[in-house]
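The file entry18.tsv comes next; it holds TSV, C-alpha atoms.
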```tsv
chain	number	residue	atom	x	y	z
A	1	MET	CA	-60.72	-67.91	-63.57
A	2	VAL	CA	-62.70	-65.87	-61.02
A	3	ALA	CA	-61.03	-67.52	-58.02
A	4	ASN	CA	-57.55	-66.93	-59.41
A	5	LEU	CA	-58.31	-63.33	-60.23
A	6	ALA	CA	-59.77	-62.73	-56.78
A	7	ALA	CA	-56.47	-63.96	-55.34
A	8	ILE	CA	-54.45	-61.68	-57.66
A	9	LEU	CA	-56.59	-58.68	-56.77
A	10	ASP	CA	-56.96	-59.70	-53.10
A	11	TYR	CA	-60.70	-59.02	-53.27
A	12	GLU	CA	-63.90	-61.08	-53.46
A	13	PHE	CA	-66.32	-59.53	-55.93
A	14	SER	CA	-70.03	-59.31	-55.19
A	15	ASP	CA	-70.67	-59.01	-58.94
A	16	THR	CA	-68.25	-61.40	-60.64
A	17	ARG	CA	-69.52	-60.32	-64.05
A	18	LEU	CA	-67.54	-57.11	-63.58
A	19	LEU	CA	-64.38	-59.11	-63.12
A	20	VAL	CA	-64.93	-61.15	-66.29
A	21	GLU	CA	-65.76	-58.00	-68.24
A	22	ALA	CA	-62.59	-56.30	-66.96
A	23	LEU	CA	-60.43	-58.96	-68.64
A	24	THR	CA	-62.44	-59.35	-71.88
A	25	HIS	CA	-60.97	-57.84	-75.03
A	26	ARG	CA	-63.29	-56.46	-77.70
A	27	SER	CA	-62.11	-59.19	-80.10
A	28	VAL	CA	-64.12	-61.79	-78.15
A	29	GLU	CA	-67.39	-62.63	-79.89
A	30	GLY	CA	-70.30	-60.74	-78.34
A	31	ALA	CA	-68.03	-58.25	-76.57
A	32	SER	CA	-67.85	-55.52	-79.20
A	33	GLY	CA	-71.38	-54.24	-79.58
A	34	SER	CA	-72.21	-50.62	-80.36
A	35	ASP	CA	-72.71	-49.93	-76.65
A	36	HIS	CA	-69.31	-51.52	-75.86
A	37	SER	CA	-70.90	-53.76	-73.23
A	38	GLY	CA	-69.13	-57.01	-72.48
A	39	ASN	CA	-65.56	-55.81	-73.02
A	40	TYR	CA	-63.19	-53.92	-70.76
A	41	GLU	CA	-63.14	-50.55	-72.55
A	42	ARG	CA	-65.56	-48.70	-70.27
A	43	LEU	CA	-63.96	-50.17	-67.15
A	44	GLU	CA	-60.52	-49.24	-68.46
A	45	PHE	CA	-61.74	-45.64	-68.91
A	46	LEU	CA	-62.82	-45.59	-65.25
A	47	GLY	CA	-59.78	-47.49	-64.00
A	48	ASP	CA	-57.45	-44.95	-65.60
A	49	ARG	CA	-59.03	-42.24	-63.42
A	50	VAL	CA	-58.95	-44.42	-60.30
A	51	LEU	CA	-55.27	-45.17	-60.87
A	52	GLY	CA	-54.48	-41.51	-61.44
A	53	LEU	CA	-56.25	-40.38	-58.28
A	54	ILE	CA	-54.60	-42.96	-56.03
A	55	ILE	CA	-51.11	-42.51	-57.45
A	56	ALA	CA	-51.44	-38.73	-57.10
A	57	ASP	CA	-52.58	-39.18	-53.50
A	58	LEU	CA	-49.64	-41.50	-52.75
A	59	LEU	CA	-47.17	-39.05	-54.29
A	60	ILE	CA	-48.55	-36.14	-52.26
A	61	ALA	CA	-48.18	-38.22	-49.07
A	62	GLU	CA	-44.75	-39.67	-49.84
A	63	PHE	CA	-43.08	-36.48	-51.13
A	64	PRO	CA	-44.57	-33.63	-49.05
A	65	SER	CA	-41.83	-31.13	-49.92
A	66	GLU	CA	-41.77	-31.59	-53.69
A	67	ALA	CA	-43.22	-29.07	-56.10
A	68	GLU	CA	-45.96	-29.90	-58.60
A	69	GLY	CA	-43.52	-30.19	-61.49
A	70	ALA	CA	-41.44	-32.88	-59.75
A	71	LEU	CA	-44.57	-34.76	-58.73
A	72	ALA	CA	-45.82	-34.63	-62.32
A	73	ILE	CA	-42.58	-36.25	-63.55
A	74	ARG	CA	-42.92	-39.05	-60.98
A	75	PHE	CA	-46.59	-39.51	-61.91
A	76	ALA	CA	-45.81	-39.80	-65.62
A	77	ALA	CA	-43.16	-42.46	-64.95
A	78	LEU	CA	-45.52	-44.55	-62.81
A	79	ALA	CA	-48.62	-44.24	-65.00
A	80	ARG	CA	-47.02	-44.69	-68.43
A	81	ARG	CA	-48.09	-47.60	-70.62
A	82	GLU	CA	-44.86	-49.54	-70.14
A	83	SER	CA	-45.18	-49.43	-66.35
A	84	LEU	CA	-48.79	-50.63	-66.48
A	85	ALA	CA	-47.91	-53.45	-68.88
A	86	LEU	CA	-45.18	-54.59	-66.50
A	87	VAL	CA	-47.65	-54.69	-63.60
A	88	ALA	CA	-50.08	-56.71	-65.73
A	89	ARG	CA	-47.35	-59.26	-66.42
A	90	GLU	CA	-45.88	-59.46	-62.93
A	91	SER	CA	-49.25	-59.59	-61.13
A	92	GLY	CA	-50.54	-62.44	-63.30
A	93	LEU	CA	-53.36	-60.46	-64.89
A	94	ALA	CA	-51.87	-60.98	-68.36
A	95	SER	CA	-52.51	-64.72	-68.32
A	96	HIS	CA	-56.23	-64.15	-67.69
A	97	ILE	CA	-56.99	-61.82	-70.61
A	98	ARG	CA	-59.90	-63.13	-72.69
A	99	LEU	CA	-58.97	-62.74	-76.36
A	100	SER	CA	-60.29	-64.16	-79.59
A	101	VAL	CA	-58.24	-67.05	-80.98
A	102	SER	CA	-56.95	-64.93	-83.84
A	103	GLU	CA	-55.99	-62.03	-81.56
A	104	ASP	CA	-54.23	-64.40	-79.17
A	105	GLU	CA	-52.35	-66.22	-81.92
A	106	SER	CA	-51.20	-62.91	-83.43
A	107	GLY	CA	-49.53	-61.95	-80.13
A	108	GLY	CA	-52.18	-59.68	-78.64
A	109	ARG	CA	-51.53	-61.02	-75.14
A	110	GLU	CA	-48.00	-59.59	-75.27
A	111	GLY	CA	-48.95	-56.21	-76.75
A	112	GLU	CA	-48.20	-53.40	-74.32
A	113	THR	CA	-51.38	-51.49	-75.17
A	114	ILE	CA	-53.63	-54.42	-74.26
A	115	LEU	CA	-51.57	-55.22	-71.17
A	116	ALA	CA	-51.80	-51.63	-69.95
A	117	GLU	CA	-55.56	-51.61	-70.53
A	118	VAL	CA	-56.08	-54.81	-68.55
A	119	CYS	CA	-54.06	-53.33	-65.72
A	120	GLU	CA	-56.48	-50.40	-65.51
A	121	ALA	CA	-59.82	-52.11	-66.27
A	122	PRO	CA	-59.82	-54.27	-63.09
A	123	LEU	CA	-59.25	-51.10	-61.07
A	124	GLY	CA	-62.49	-49.75	-62.52
A	125	ALA	CA	-64.21	-53.01	-61.60
A	126	LEU	CA	-62.79	-52.88	-58.07
A	127	TYR	CA	-64.02	-49.31	-57.66
A	128	ILE	CA	-67.56	-50.11	-58.81
A	129	ASP	CA	-67.81	-53.23	-56.65
A	130	GLY	CA	-65.98	-52.09	-53.52
A	131	GLY	CA	-64.97	-48.44	-53.73
A	132	LEU	CA	-61.48	-46.97	-53.63
A	133	ALA	CA	-60.14	-49.13	-50.79
A	134	PRO	CA	-59.61	-52.42	-52.70
A	135	ALA	CA	-58.25	-50.54	-55.71
A	136	ARG	CA	-55.76	-48.79	-53.42
A	137	VAL	CA	-54.61	-52.11	-51.96
A	138	PHE	CA	-53.72	-53.42	-55.43
A	139	ILE	CA	-52.01	-50.18	-56.48
A	140	GLU	CA	-49.95	-49.96	-53.29
A	141	ARG	CA	-48.85	-53.56	-53.67
A	142	HIS	CA	-47.66	-53.16	-57.25
A	143	PHE	CA	-46.60	-49.50	-57.55
A	144	LEU	CA	-45.08	-48.49	-54.20
A	145	ALA	CA	-41.71	-50.12	-54.86
A	146	ALA	CA	-41.33	-48.16	-58.09
A	147	LEU	CA	-42.60	-45.03	-56.37
A	148	HIS	CA	-39.83	-45.28	-53.75
A	149	ALA	CA	-37.11	-46.41	-56.16
A	150	ALA	CA	-35.99	-42.94	-57.22
A	151	VAL	CA	-34.74	-40.54	-54.53
A	152	GLU	CA	-34.91	-37.73	-57.08
A	153	PRO	CA	-37.67	-37.36	-59.67
A	154	PRO	CA	-36.67	-39.40	-62.72
A	155	GLN	CA	-35.39	-37.30	-65.59
A	156	ASP	CA	-35.93	-38.83	-68.99
A	157	PRO	CA	-33.52	-38.44	-71.94
A	158	LYS	CA	-35.89	-36.08	-73.78
A	159	THR	CA	-35.86	-33.68	-70.84
A	160	CYS	CA	-32.07	-33.92	-70.52
A	161	LEU	CA	-31.57	-33.25	-74.23
A	162	GLN	CA	-33.98	-30.32	-74.19
A	163	GLU	CA	-32.20	-28.73	-71.22
A	164	TRP	CA	-28.80	-29.22	-72.88
A	165	ALA	CA	-29.98	-27.80	-76.21
A	166	GLN	CA	-31.56	-24.74	-74.65
A	167	GLY	CA	-28.54	-24.26	-72.39
A	168	GLN	CA	-26.35	-24.17	-75.50
A	169	GLY	CA	-28.65	-21.68	-77.17
A	170	HIS	CA	-29.81	-24.14	-79.84
A	171	GLY	CA	-33.55	-24.05	-79.17
A	172	LEU	CA	-35.74	-27.13	-78.88
A	173	PRO	CA	-34.75	-30.53	-80.32
A	174	ALA	CA	-36.77	-31.50	-83.41
A	175	TYR	CA	-38.34	-34.97	-83.48
A	176	LYS	CA	-39.55	-36.58	-86.70
A	177	LEU	CA	-41.39	-39.86	-87.26
A	178	VAL	CA	-39.32	-41.79	-89.79
A	179	LEU	CA	-41.14	-45.13	-89.95
A	180	ARG	CA	-44.02	-47.08	-88.44
A	181	GLU	CA	-44.06	-50.84	-88.89
A	182	GLY	CA	-45.78	-53.90	-87.42
A	183	PRO	CA	-49.38	-54.81	-86.53
A	184	ASP	CA	-51.60	-52.56	-84.42
A	185	HIS	CA	-51.10	-54.63	-81.27
A	186	ALA	CA	-47.29	-54.59	-81.58
A	187	PRO	CA	-46.20	-51.53	-83.58
A	188	GLU	CA	-42.59	-50.40	-83.98
A	189	PHE	CA	-41.76	-46.74	-84.45
A	190	THR	CA	-38.54	-45.17	-85.70
A	191	VAL	CA	-38.02	-41.52	-84.76
A	192	SER	CA	-35.15	-39.14	-85.47
A	193	VAL	CA	-34.07	-36.19	-83.35
A	194	SER	CA	-31.89	-33.29	-84.43
A	195	VAL	CA	-30.55	-30.20	-82.71
A	196	ALA	CA	-29.58	-27.18	-84.81
A	197	ALA	CA	-27.33	-28.31	-87.66
A	198	MET	CA	-25.93	-31.33	-85.82
A	199	GLU	CA	-26.28	-34.87	-87.16
A	200	ALA	CA	-29.58	-36.51	-86.20
A	201	SER	CA	-29.91	-39.67	-84.13
A	202	GLN	CA	-32.59	-42.32	-84.60
A	203	GLY	CA	-34.34	-44.40	-81.97
A	204	ILE	CA	-36.75	-47.34	-82.15
A	205	GLY	CA	-39.56	-48.17	-79.73
A	206	SER	CA	-43.00	-49.72	-79.37
A	207	SER	CA	-44.54	-46.24	-79.14
A	208	LYS	CA	-43.62	-42.84	-80.53
A	209	ARG	CA	-42.75	-41.66	-77.05
A	210	MET	CA	-40.40	-44.60	-76.45
A	211	ALA	CA	-38.78	-44.09	-79.84
A	212	GLU	CA	-38.27	-40.40	-79.06
A	213	GLN	CA	-36.69	-41.30	-75.72
A	214	ALA	CA	-34.40	-43.81	-77.45
A	215	ALA	CA	-33.37	-41.24	-80.05
A	216	ALA	CA	-32.66	-38.62	-77.36
A	217	LYS	CA	-30.61	-41.15	-75.38
A	218	LEU	CA	-28.48	-41.98	-78.42
A	219	PHE	CA	-27.99	-38.28	-79.17
A	220	LEU	CA	-26.82	-37.65	-75.59
A	221	GLU	CA	-24.49	-40.66	-75.70
A	222	ARG	CA	-22.95	-39.31	-78.90
A	223	LEU	CA	-22.37	-35.96	-77.21
A	224	SER	CA	-20.60	-37.65	-74.30
A	225	ASP	CA	-18.16	-39.25	-76.75
A	226	CYS	CA	-17.20	-35.94	-78.30
```

Exercise: express the given structure as structure tokens:
Amino acid sequence: MVANLAAILDYEFSDTRLLVEALTHRSVEGASGSDHSGNYERLEFLGDRVLGLIIADLLIAEFPSEAEGALAIRFAALARRESLALVARESGLASHIRLSVSEDESGGREGETILAEVCEAPLGALYIDGGLAPARVFIERHFLAALHAAVEPPQDPKTCLQEWAQGQGHGLPAYKLVLREGPDHAPEFTVSVSVAAMEASQGIGSSKRMAEQAAAKLFLERLSDC
């Protein structure tokens, strides 16, 4: 396990216990004590900050003429849970998550929340063991392509719908949680969005944010057909 992870992260750990801890879910026996030692939660907390700092630094360097608002949109797209889960899958980290048998059999390894956490936790371990440099190597390898993919800052459907609604004098779109189903590691949310007295649209996603985006997208598609 350690050798394979070292290859994925392109770094040899001095303290390999950090690496094991970074991939250990709290469901594993002995990894969920009151001090949270033995599981990845504390390292994930640190890794989230390491990721944020390095991505912000990359954005400042790559887009020197963009205003803070545009940079914030790019940052949100890169650091969102779905993007982190994708990196965990594509890098090979997902196959090394240490889960309890029951958590694994119930699909925890495919849950986007867990995948996002085990993308960030190794960054915390890298920072503790080797500083920012090895963490930056991993982030550049797996995030730069997405960072360069959009010439303009990505504009999500919620932003587009809000701008349209306000431009038409309707005020802000109203989002409402309609339904939440599924287990904690793989929830499914249904959200509706309405503007003024117009018919609402509903969207489904693995998070409230994704469901809101889906609902906004459907609302905009309906407008384009009018």

Kindly provide the residues of stretch 128-183 of chain A that approach stretch 198-221 of chain A to within 8 Å, each paired with its closest atom pair and their distance in Å to one decimal, based on all atoms listed in the file, listed by chain and increasing number, as a Markdown table.
```
| residue | atom | partner | partner_atom | distance |
| --- | --- | --- | --- | --- |
| A:Asp156 | CA | A:Gln213 | CA | 7.2 |
| A:Pro157 | CA | A:Lys217 | CA | 5.3 |
| A:Lys158 | CA | A:Ala216 | CA | 5.4 |
| A:Leu161 | CA | A:Ala216 | CA | 6.3 |
| A:Tyr175 | CA | A:Glu212 | CA | 7.0 |
| A:Leu177 | CA | A:Lys208 | CA | 7.7 |
```

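If you look at atom CA of A:Gly69 and atom CA of A:Ile114, they are 29.2 Å away from each other.
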
Find the residues around A:Ala88 up to 12 Å (all atoms listed in the file counted), leave out those fewer than 5 positions away in its own chain, and share them as a compact mmCIF listing (two decimals) with C-alpha atoms, in the coordinates of the input.
```
# COMPACT_ATOMS: atom_id res chain seq x y z
CA LEU A 5 -58.31 -63.33 -60.23
CA ILE A 8 -54.45 -61.68 -57.66
CA LEU A 9 -56.59 -58.68 -56.77
CA LEU A 23 -60.43 -58.96 -68.64
CA ARG A 81 -48.09 -47.60 -70.62
CA GLU A 82 -44.86 -49.54 -70.14
CA SER A 83 -45.18 -49.43 -66.35
CA LEU A 93 -53.36 -60.46 -64.89
CA ALA A 94 -51.87 -60.98 -68.36
CA SER A 95 -52.51 -64.72 -68.32
CA HIS A 96 -56.23 -64.15 -67.69
CA ILE A 97 -56.99 -61.82 -70.61
CA ARG A 109 -51.53 -61.02 -75.14
CA GLU A 110 -48.00 -59.59 -75.27
CA GLY A 111 -48.95 -56.21 -76.75
CA GLU A 112 -48.20 -53.40 -74.32
CA THR A 113 -51.38 -51.49 -75.17
CA ILE A 114 -53.63 -54.42 -74.26
CA LEU A 115 -51.57 -55.22 -71.17
CA ALA A 116 -51.80 -51.63 -69.95
CA GLU A 117 -55.56 -51.61 -70.53
CA VAL A 118 -56.08 -54.81 -68.55
CA CYS A 119 -54.06 -53.33 -65.72
CA GLU A 120 -56.48 -50.40 -65.51
CA ALA A 121 -59.82 -52.11 -66.27
CA PRO A 122 -59.82 -54.27 -63.09
CA LEU A 123 -59.25 -51.10 -61.07
CA PHE A 138 -53.72 -53.42 -55.43
CA ILE A 139 -52.01 -50.18 -56.48
CA HIS A 142 -47.66 -53.16 -57.25
CA PHE A 143 -46.60 -49.50 -57.55
```

- Query: Nearest to A:Ala79 among A:Val101, A:Ala146, A:Val193, A:Ala3, with distances taken over all atoms listed in the file: which residue is it?
  - Reply: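 The closest residue to A:Ala79 is A:Ala146.
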
- Task: Give as number ranges by chain every residue, naming chains and numbers as the document does, that has an atom within 8 Å of (-49.0, -38.0, -61.7), counting all atoms listed in the file.
- Result: A: 52, 55-56, 59, 71-76, 78-79

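Proximity of A:Ala186, A:Ala6, A:Ala61, A:Val50 to A:Gly107, computed with all atoms listed in the file, is greatest for A:Ala186.
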
- Task: Measure the distance from atom CA of A:Phe45 to atom CA of A:His148 in Å and round it to one decimal.
- Result: 26.6 Å

- Calculate how many Å separate atom CA of A:Leu84 from atom CA of A:Glu66, rounding to one decimal. 24.0 Å

Any chance you could work out the axis-aligned box around stretch 101-115 of chain A, listed atoms only, 8 Å on each side, giving centre and edge lengths in Å to one decimal, as lines of an AutoDock Vina configuration file?
```
center_x = -53.1
center_y = -59.3
center_z = -77.5
size_x = 26.2
size_y = 31.6
size_z = 28.7
```

- So, counting all atoms listed in the file, which residue among A:Ala125, A:Val191, A:Ala145, A:Leu43 is closest to A:Leu19?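 Under the stated criterion, the closest residue is A:Ala125.
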
- Message: Considering all atoms listed in the file, can you say which of A:Ala22, A:Ala197, A:Ser192, A:Ala67 comes closest to A:Ala165?
- Response: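 Ranked by minimum distance to A:Ala165, first place goes to A:Ala197.
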
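Minimum distance to A:Tyr127 across A:Asn4, A:Leu46, A:Leu223, A:Ser27 (counting all atoms listed in the file) occurs at A:Leu46.
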
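Compared by their closest atoms to A:Val137, and using all atoms listed in the file, the residues A:Phe63, A:Leu58, A:Arg42, A:Val195 rank with A:Leu58 nearest.
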